[in-house]
>>> print(open('upload.txt').read())   # compact mmCIF, C-alpha atoms
# COMPACT_ATOMS: atom_id res chain seq x y z
CA MET A 1 0.00 0.00 0.00
CA SER A 2 1.33 3.43 -0.97
CA ILE A 3 1.25 6.03 1.78
CA GLU A 4 -0.21 9.46 0.94
CA ASN A 5 -0.59 11.14 4.34
CA ILE A 6 0.15 10.65 8.02
CA LEU A 7 -3.20 8.96 8.72
CA ASP A 8 -2.28 6.15 6.31
CA VAL A 9 0.63 5.09 8.55
CA GLU A 10 0.27 2.45 11.23
CA PHE A 11 2.71 1.75 14.04
CA GLY A 12 4.74 -1.39 13.37
CA THR A 13 4.08 -1.41 9.63
CA GLU A 14 6.89 -3.05 7.68
CA LEU A 15 7.77 -1.33 4.43
CA PRO A 16 7.80 -3.48 1.29
CA VAL A 17 11.17 -5.17 0.92
CA PHE A 18 13.36 -3.44 -1.67
CA GLU A 19 16.25 -5.18 -3.41
CA PRO A 20 18.41 -2.53 -5.09
CA ASP A 21 20.85 -2.91 -7.95
CA THR A 22 24.24 -3.77 -6.44
CA THR A 23 25.93 -4.80 -9.67
CA LEU A 24 29.51 -3.70 -10.02
CA ALA A 25 28.58 -1.42 -12.94
CA ASN A 26 25.90 0.35 -10.90
CA VAL A 27 28.09 0.67 -7.81
CA GLY A 28 30.96 2.01 -9.91
CA ALA A 29 28.71 4.62 -11.50
CA PHE A 30 27.58 5.79 -8.04
CA ALA A 31 31.16 5.94 -6.78
CA ARG A 32 32.38 7.97 -9.75
CA ALA A 33 29.46 10.41 -9.43
CA VAL A 34 30.37 11.21 -5.81
CA GLY A 35 34.06 11.49 -6.67
CA TRP A 36 35.05 8.17 -5.13
CA GLY A 37 35.97 6.33 -8.32
CA GLY A 38 38.76 3.78 -8.01
CA SER A 39 39.47 0.11 -7.62
CA ARG A 40 37.95 -0.20 -4.15
CA PHE A 41 34.45 0.41 -5.54
CA GLU A 42 34.92 -0.49 -9.21
CA SER A 43 36.97 -3.69 -9.34
CA HIS A 44 36.75 -6.92 -7.34
CA GLU A 45 40.35 -7.69 -8.14
CA GLY A 46 41.54 -4.21 -7.14
CA ALA A 47 39.55 -4.29 -3.89
CA ARG A 48 41.02 -7.71 -3.00
CA LYS A 49 44.50 -6.26 -3.43
CA GLU A 50 43.52 -3.72 -0.74
CA GLY A 51 42.48 -6.55 1.57
CA PHE A 52 38.71 -6.45 1.03
CA PRO A 53 36.65 -9.52 0.08
CA GLY A 54 35.52 -7.79 -3.13
CA ALA A 55 34.52 -4.42 -4.51
CA LEU A 56 32.68 -2.48 -1.83
CA VAL A 57 29.31 -0.78 -2.03
CA PRO A 58 29.88 2.68 -0.49
CA GLY A 59 28.08 3.02 2.84
CA ILE A 60 26.40 6.18 1.61
CA MET A 61 24.98 4.21 -1.32
CA GLY A 62 23.38 1.99 1.30
CA MET A 63 21.84 5.13 2.74
CA GLY A 64 20.65 6.03 -0.75
CA PHE A 65 18.96 2.62 -0.96
CA LEU A 66 17.23 3.29 2.37
CA VAL A 67 15.92 6.67 1.22
CA SER A 68 14.72 5.16 -2.06
CA ALA A 69 12.85 2.46 -0.14
CA ILE A 70 11.09 5.16 1.89
CA HIS A 71 10.16 7.17 -1.22
CA ARG A 72 8.75 4.07 -2.93
CA TRP A 73 6.54 3.45 0.10
CA ALA A 74 5.56 7.08 0.73
CA PRO A 75 5.82 9.06 -2.53
CA THR A 76 4.56 12.28 -0.91
CA GLY A 77 6.96 12.16 2.05
CA THR A 78 10.13 14.11 2.66
CA VAL A 79 13.06 12.42 4.41
CA GLU A 80 14.23 15.07 6.87
CA HIS A 81 16.84 13.04 8.70
CA ILE A 82 18.63 9.77 8.12
CA ASP A 83 21.34 8.19 10.23
CA GLY A 84 23.21 5.11 9.06
CA VAL A 85 25.71 2.97 10.95
CA PHE A 86 28.12 1.10 8.69
CA ARG A 87 28.45 -2.15 10.56
CA ALA A 88 30.12 -4.33 7.93
CA PRO A 89 31.06 -3.99 4.27
CA MET A 90 28.50 -4.51 1.53
CA ILE A 91 30.00 -6.24 -1.48
CA ALA A 92 29.08 -5.43 -5.07
CA ASP A 93 27.41 -8.16 -7.13
CA THR A 94 25.83 -9.64 -4.00
CA PRO A 95 22.19 -9.00 -3.06
CA ALA A 96 21.29 -6.35 -0.50
CA ILE A 97 17.91 -6.56 1.16
CA ILE A 98 16.43 -3.34 2.49
CA SER A 99 13.81 -3.51 5.20
CA ALA A 100 12.22 -0.95 7.48
CA VAL A 101 9.60 -0.73 10.18
CA VAL A 102 7.58 2.19 11.56
CA THR A 103 8.63 2.80 15.16
CA ASP A 104 6.88 6.08 15.98
CA ILE A 105 4.16 8.33 14.59
CA ASP A 106 3.44 11.97 15.45
CA GLU A 107 0.12 12.74 13.77
CA ASP A 108 0.10 16.37 14.96
CA GLU A 109 3.44 17.11 13.28
CA GLY A 110 3.08 14.64 10.40
CA LEU A 111 6.27 12.83 11.37
CA VAL A 112 7.14 9.13 11.12
CA GLU A 113 10.20 7.43 12.61
CA LEU A 114 11.59 4.32 10.95
CA ASP A 115 14.16 1.70 11.89
CA MET A 116 15.96 0.43 8.81
CA THR A 117 18.47 -2.25 7.87
CA VAL A 118 20.45 -3.42 4.89
CA LYS A 119 21.16 -7.16 5.13
CA ASN A 120 22.79 -9.74 2.91
CA THR A 121 21.21 -13.06 1.97
CA LYS A 122 22.73 -14.68 5.09
CA ASP A 123 20.57 -12.28 7.14
CA GLU A 124 23.70 -10.46 8.32
CA THR A 125 23.24 -6.72 8.94
CA ARG A 126 25.53 -4.52 6.83
CA VAL A 127 23.99 -1.10 7.54
CA PHE A 128 21.37 -0.13 10.07
CA GLY A 129 19.88 3.17 11.00
CA THR A 130 16.92 5.38 11.55
CA ALA A 131 15.04 7.89 9.46
CA ARG A 132 12.55 10.65 10.10
CA LEU A 133 9.96 11.25 7.41
CA ARG A 134 7.57 14.19 7.13
CA LEU A 135 4.22 13.41 5.52
CA PRO A 136 1.29 15.65 4.62
CA LYS A 137 -1.30 15.91 7.35
CA ALA A 138 -4.67 14.54 6.28
CA MET B 1 45.49 6.45 26.99
CA VAL B 2 43.98 9.58 25.48
CA ASP B 3 41.83 11.68 27.81
CA ILE B 4 38.49 12.09 26.01
CA ASP B 5 37.35 14.98 28.22
CA GLU B 6 40.55 16.85 27.42
CA LEU B 7 40.07 16.27 23.69
CA LYS B 8 36.52 17.57 23.95
CA LYS B 9 37.62 20.67 25.81
CA GLN B 10 40.27 21.41 23.24
CA PHE B 11 38.53 20.58 19.96
CA LEU B 12 34.72 20.51 20.10
CA ASN B 13 32.68 23.11 18.24
CA ALA B 14 35.60 24.99 16.69
CA GLU B 15 35.42 25.27 12.90
CA PHE B 16 38.53 23.69 11.37
CA ASP B 17 37.70 23.67 7.69
CA SER B 18 35.53 25.41 5.13
CA LYS B 19 35.06 24.27 1.54
CA ASN B 20 32.97 25.55 -1.35
CA PHE B 21 30.92 23.25 -3.58
CA VAL B 22 28.78 23.54 -6.69
CA LEU B 23 26.84 20.34 -7.35
CA ASP B 24 26.76 18.99 -10.89
CA ALA B 25 23.31 18.01 -12.22
CA GLU B 26 24.58 14.91 -14.02
CA ASN B 27 26.22 13.60 -10.85
CA LEU B 28 23.03 14.23 -8.86
CA LEU B 29 21.07 12.24 -11.44
CA VAL B 30 23.50 9.32 -11.46
CA VAL B 31 23.53 9.08 -7.66
CA ALA B 32 19.74 9.18 -7.47
CA LYS B 33 19.17 6.64 -10.24
CA THR B 34 21.84 4.17 -9.09
CA SER B 35 20.33 4.33 -5.58
CA GLY B 36 16.98 3.19 -6.97
CA GLU B 37 15.31 6.56 -6.54
CA THR B 38 11.91 6.97 -8.23
CA ARG B 39 10.87 10.49 -7.22
CA ALA B 40 10.84 12.98 -10.10
CA GLN B 41 12.52 15.77 -8.12
CA PHE B 42 15.62 13.57 -7.83
CA ILE B 43 15.72 11.82 -11.23
CA ASP B 44 14.46 14.52 -13.62
CA ALA B 45 16.82 17.46 -14.04
CA GLU B 46 14.00 19.42 -15.72
CA HIS B 47 11.72 19.08 -12.68
CA ALA B 48 11.01 22.42 -10.99
CA ASP B 49 12.06 20.95 -7.62
CA PHE B 50 15.15 19.04 -8.86
CA GLN B 51 17.55 18.61 -5.93
CA ALA B 52 20.29 16.49 -4.36
CA THR B 53 19.37 13.30 -2.51
CA PRO B 54 20.30 13.05 1.18
CA ALA B 55 22.87 10.36 0.28
CA PHE B 56 24.62 12.76 -2.08
CA LEU B 57 24.96 15.31 0.71
CA CYS B 58 26.72 12.66 2.80
CA SER B 59 29.40 12.46 0.12
CA LEU B 60 30.46 16.08 0.56
CA ALA B 61 33.76 16.06 2.38
CA SER B 62 35.91 18.81 3.76
CA GLY B 63 39.54 19.23 2.77
CA ARG B 64 40.71 17.57 5.97
CA HIS B 65 39.16 14.89 8.18
CA LEU B 66 40.31 16.33 11.50
CA PRO B 67 41.78 19.57 12.86
CA ILE B 68 45.41 19.98 11.86
CA ASP B 69 46.62 19.81 15.48
CA PHE B 70 44.42 16.84 16.48
CA PRO B 71 46.61 14.19 18.15
CA ALA B 72 47.35 10.89 16.42
CA LEU B 73 45.43 8.17 18.25
CA GLY B 74 47.40 5.28 16.83
CA GLY B 75 44.86 3.58 14.61
CA ILE B 76 43.55 4.22 11.12
CA PRO B 77 40.20 6.04 11.16
CA MET B 78 37.36 3.96 9.71
CA ASP B 79 34.07 5.25 8.36
CA GLY B 80 31.59 4.27 11.06
CA GLY B 81 28.54 5.89 9.54
CA LYS B 82 26.90 9.04 8.34
CA ALA B 83 23.84 11.09 9.14
CA VAL B 84 22.22 13.98 7.36
CA GLU B 85 19.49 16.38 8.37
CA CYS B 86 17.93 18.39 5.55
CA PHE B 87 16.38 21.80 6.13
CA ALA B 88 16.01 23.02 2.53
CA PRO B 89 16.58 21.60 -0.96
CA ILE B 90 20.09 21.87 -2.40
CA ARG B 91 20.08 22.44 -6.15
CA ALA B 92 22.51 21.74 -8.97
CA GLY B 93 24.62 24.78 -9.76
CA GLN B 94 23.89 26.44 -6.42
CA PRO B 95 27.04 27.69 -4.66
CA ILE B 96 27.19 26.17 -1.18
CA THR B 97 29.80 26.04 1.57
CA GLY B 98 30.53 23.20 3.97
CA LYS B 99 31.85 24.33 7.35
CA SER B 100 33.30 21.54 9.49
CA HIS B 101 33.79 21.18 13.22
CA LEU B 102 34.06 18.31 15.70
CA HIS B 103 30.61 17.79 17.15
CA ASP B 104 31.30 14.93 19.57
CA ILE B 105 34.04 12.62 20.79
CA TYR B 106 33.26 9.50 22.85
CA ASP B 107 34.64 6.07 23.48
CA LYS B 108 33.41 2.52 23.87
CA GLN B 109 35.26 -0.35 25.46
CA GLY B 110 35.30 -3.49 23.33
CA ARG B 111 36.80 -6.94 23.85
CA SER B 112 39.79 -5.96 21.74
CA GLY B 113 40.35 -2.58 23.36
CA ARG B 114 38.99 0.92 23.32
CA MET B 115 37.29 2.41 20.28
CA ILE B 116 37.19 6.18 19.94
CA PHE B 117 34.33 7.74 17.99
CA ILE B 118 34.72 11.19 16.50
CA VAL B 119 31.70 12.93 14.97
CA VAL B 120 32.71 15.46 12.33
CA ARG B 121 29.81 17.78 11.56
CA MET B 122 29.57 19.73 8.33
CA GLU B 123 27.08 22.57 8.23
CA ILE B 124 26.07 23.26 4.64
CA VAL B 125 25.06 26.86 3.99
CA ASP B 126 24.18 28.91 0.92
CA ALA B 127 25.66 32.24 -0.15
CA GLN B 128 23.37 34.02 2.34
CA GLU B 129 24.61 31.77 5.18
CA THR B 130 21.22 30.04 5.39
CA LEU B 131 21.63 26.58 6.90
CA LEU B 132 20.50 24.04 4.29
CA ALA B 133 21.66 20.76 5.81
CA VAL B 134 23.86 19.23 8.48
CA SER B 135 25.94 16.18 7.65
CA ASP B 136 27.66 14.07 10.33
CA SER B 137 30.49 11.63 9.68
CA ARG B 138 31.44 9.17 12.42
CA LEU B 139 35.09 8.23 12.41
CA VAL B 140 35.99 5.16 14.44
CA ILE B 141 39.53 4.67 15.64
CA ARG B 142 40.72 1.55 17.44
CA GLU B 143 43.15 2.90 19.98
CA LYS B 144 46.54 1.20 19.98
CA PRO B 145 47.36 -0.11 23.44
CA THR B 146 50.29 1.60 25.12
CA ALA B 147 53.35 -0.60 25.55
>>> encode(input="upload.txt", output="structure tokens")
Amino acid sequence: MSIENILDVEFGTELPVFEPDTTLANVGAFARAVGWGGSRFESHEGARKEGFPGALVPGIMGMGFLVSAIHRWAPTGTVEHIDGVFRAPMIADTPAIISAVVTDIDEDEGLVELDMTVKNTKDETRVFGTARLRLPKA
Amino acid sequence: MVDIDELKKQFLNAEFDSKNFVLDAENLLVVAKTSGETRAQFIDAEHADFQATPAFLCSLASGRHLPIDFPALGGIPMDGGKAVECFAPIRAGQPITGKSHLHDIYDKQGRSGRMIFIVVRMEIVDAQETLLAVSDSRLVIREKPTA
């Protein structure tokens, strides 16, 4: 269900799961656009030479995935604040599963708080955080 | 062992770097689209409300990570996370300035020793000094044990 205003939101609602594009080509394009181009984010081989298990997905791209998941769920909302903790590396060309749950609602202010995670297919958390979303009042 | 209270006294809330930015529309589009963004104001440069995504703002970095006289703590700083609070849209081509200061310093004791967390806050303002966004970067340093 797409959310249009604050009265559409229920406490404890889980957002639809979002599986973003973590292919090496997509990750590399993101990295270059933020000025972080280089082997760490664009080459598995190059990243392994630096001691990583493979090319990394930038942590801030994980935050971009989280914001996109919110916008897909609530197209009229504005993400006012997002806080992400980079717990472990995300690796390009491996699936990332974005999930989120509503943890607080302020109907008077039109604000929603969300807890969010990025996990891999082994259910290991890579990034977790919180977001505050402002929605139109009814 | 570094005295956290002393570090706070010496370094918190003093601006140590200022850097000017002008965001490129093409880069804003690529970041939004590769993140899976679907909202028109992030993926359509012709949209009247076209603006940077919060994740893009997290990528803005000052010229230096820490104040020039900040003591070496022994370990290599790792990127422990980011946060951004948005107060107004930031547009492509708009001159903005990022002013950085240390917002917080704290430690946590782990099984392998003490971890020191340093929160570097960048306040992003426009040419009129209006605060547009605040971006926090958490640096994590594993303190090297003293011999």
>>> interface_residues(input="upload.txt", of="chain B", to="chain A", cutoff="7 Å", atoms="all atoms listed in the file", output="number ranges by chain")
B: 27, 30-31, 34-39, 55, 58-59, 80-86
>>> atom_distance(input="upload.txt", atom1="CA of Thr94 (chain A)", atom2="CA of Val57 (chain A)")
9.7 Å
>>> residues_around(input="upload.txt", residues="Ile105 (chain B)", least_positions_apart="3", cutoff="9 Å", atoms="all atoms listed in the file", output="compact mmCIF listing (two decimals) with C-alpha atoms, keeping the file's coordinate frame")
# COMPACT_ATOMS: atom_id res chain seq x y z
CA ILE B 4 38.49 12.09 26.01
CA ASP B 5 37.35 14.98 28.22
CA LEU B 7 40.07 16.27 23.69
CA LYS B 8 36.52 17.57 23.95
CA LEU B 12 34.72 20.51 20.10
CA LEU B 102 34.06 18.31 15.70
CA ILE B 116 37.19 6.18 19.94
CA PHE B 117 34.33 7.74 17.99
CA ILE B 118 34.72 11.19 16.50
CA VAL B 119 31.70 12.93 14.97
>>> atom_distance(input="upload.txt", atom1="CA of Ala100 (chain A)", atom2="CA of Lys33 (chain B)")
20.5 Å
>>> closest_residue(input="upload.txt", among="A:Glu4, A:Thr103, A:Gly54, A:Ala96", to="Lys122 (chain A)", atoms="all atoms listed in the file")
A:Ala96
>>> residues_around(input="upload.txt", residues="Ala47 (chain A)", least_positions_apart="4", cutoff="12 Å", atoms="all atoms listed in the file", output="ChimeraX atom specification")
/A:24,38-43,51-57,89,91-92
>>> residues_around(input="upload.txt", residues="Leu28 (chain B)", least_positions_apart="6", cutoff="10 Å", atoms="all atoms listed in the file", output="mmCIF file with C-alpha atoms, in the frame of the given file")
data_model
loop_
_atom_site.group_PDB
_atom_site.id
_atom_site.type_symbol
_atom_site.label_atom_id
_atom_site.label_comp_id
_atom_site.auth_asym_id
_atom_site.auth_seq_id
_atom_site.Cartn_x
_atom_site.Cartn_y
_atom_site.Cartn_z
ATOM 1 C CA PHE A 30 27.580 5.790 -8.040
ATOM 2 C CA ALA A 33 29.460 10.410 -9.430
ATOM 3 C CA VAL A 34 30.370 11.210 -5.810
ATOM 4 C CA PHE B 42 15.620 13.570 -7.830
ATOM 5 C CA ILE B 43 15.720 11.820 -11.230
ATOM 6 C CA ASP B 44 14.460 14.520 -13.620
ATOM 7 C CA ALA B 45 16.820 17.460 -14.040
ATOM 8 C CA PHE B 50 15.150 19.040 -8.860
ATOM 9 C CA GLN B 51 17.550 18.610 -5.930
ATOM 10 C CA ALA B 52 20.290 16.490 -4.360
ATOM 11 C CA THR B 53 19.370 13.300 -2.510
ATOM 12 C CA ALA B 55 22.870 10.360 0.280
ATOM 13 C CA PHE B 56 24.620 12.760 -2.080
ATOM 14 C CA LEU B 57 24.960 15.310 0.710
ATOM 15 C CA ARG B 91 20.080 22.440 -6.150
ATOM 16 C CA ALA B 92 22.510 21.740 -8.970
#
>>> closest_residue(input="upload.txt", among="A:Val9, A:Ala74, A:Leu135, A:Ile98", to="Gly110 (chain A)", atoms="all atoms listed in the file")
A:Leu135
>>> atom_distance(input="upload.txt", atom1="CA of Val102 (chain A)", atom2="CA of Arg134 (chain A)")
12.8 Å
>>> axis_aligned_box(input="upload.txt", around="region 42-58 of chain B", padding_each_side="6 Å", output="lines of an AutoDock Vina configuration file")
center_x = 18.9
center_y = 16.4
center_z = -6.5
size_x = 27.7
size_y = 24.1
size_z = 30.5
>>> residues_around(input="upload.txt", residues="Gly75 (chain B)", least_positions_apart="6", cutoff="8 Å", atoms="only C-alpha atoms", output="PDB file with C-alpha atoms, in the frame of the given file")
ATOM      1  CA  ILE B 141      39.530   4.670  15.640  1.00  0.00           C
ATOM      2  CA  ARG B 142      40.720   1.550  17.440  1.00  0.00           C
ATOM      3  CA  GLU B 143      43.150   2.900  19.980  1.00  0.00           C
ATOM      4  CA  LYS B 144      46.540   1.200  19.980  1.00  0.00           C
TER       5      LYS B 144
END
>>> closest_residue(input="upload.txt", among="B:Arg114, B:Lys19, B:Arg138, B:Lys9", to="Met78 (chain B)", atoms="only C-alpha atoms")
B:Arg138
>>> closest_residue(input="upload.txt", among="A:Ile3, A:Val17, A:Ile97, A:Met90", to="Val112 (chain A)", atoms="all atoms listed in the file")
A:Ile3
>>> closest_residue(input="upload.txt", among="A:Asp115, A:Glu50, A:Glu109, A:Glu124", to="Gly12 (chain A)", atoms="only C-alpha atoms")
A:Asp115
>>> residues_around(input="upload.txt", residues="Asn5 (chain A)", least_positions_apart="3", cutoff="6 Å", atoms="only C-alpha atoms", output="ChimeraX atom specification")
/A:8,135-138
>>> closest_residue(input="upload.txt", among="B:Ser100, B:Gln94, B:Ser112, B:Gln128", to="Ser18 (chain B)", atoms="only C-alpha atoms")
B:Ser100
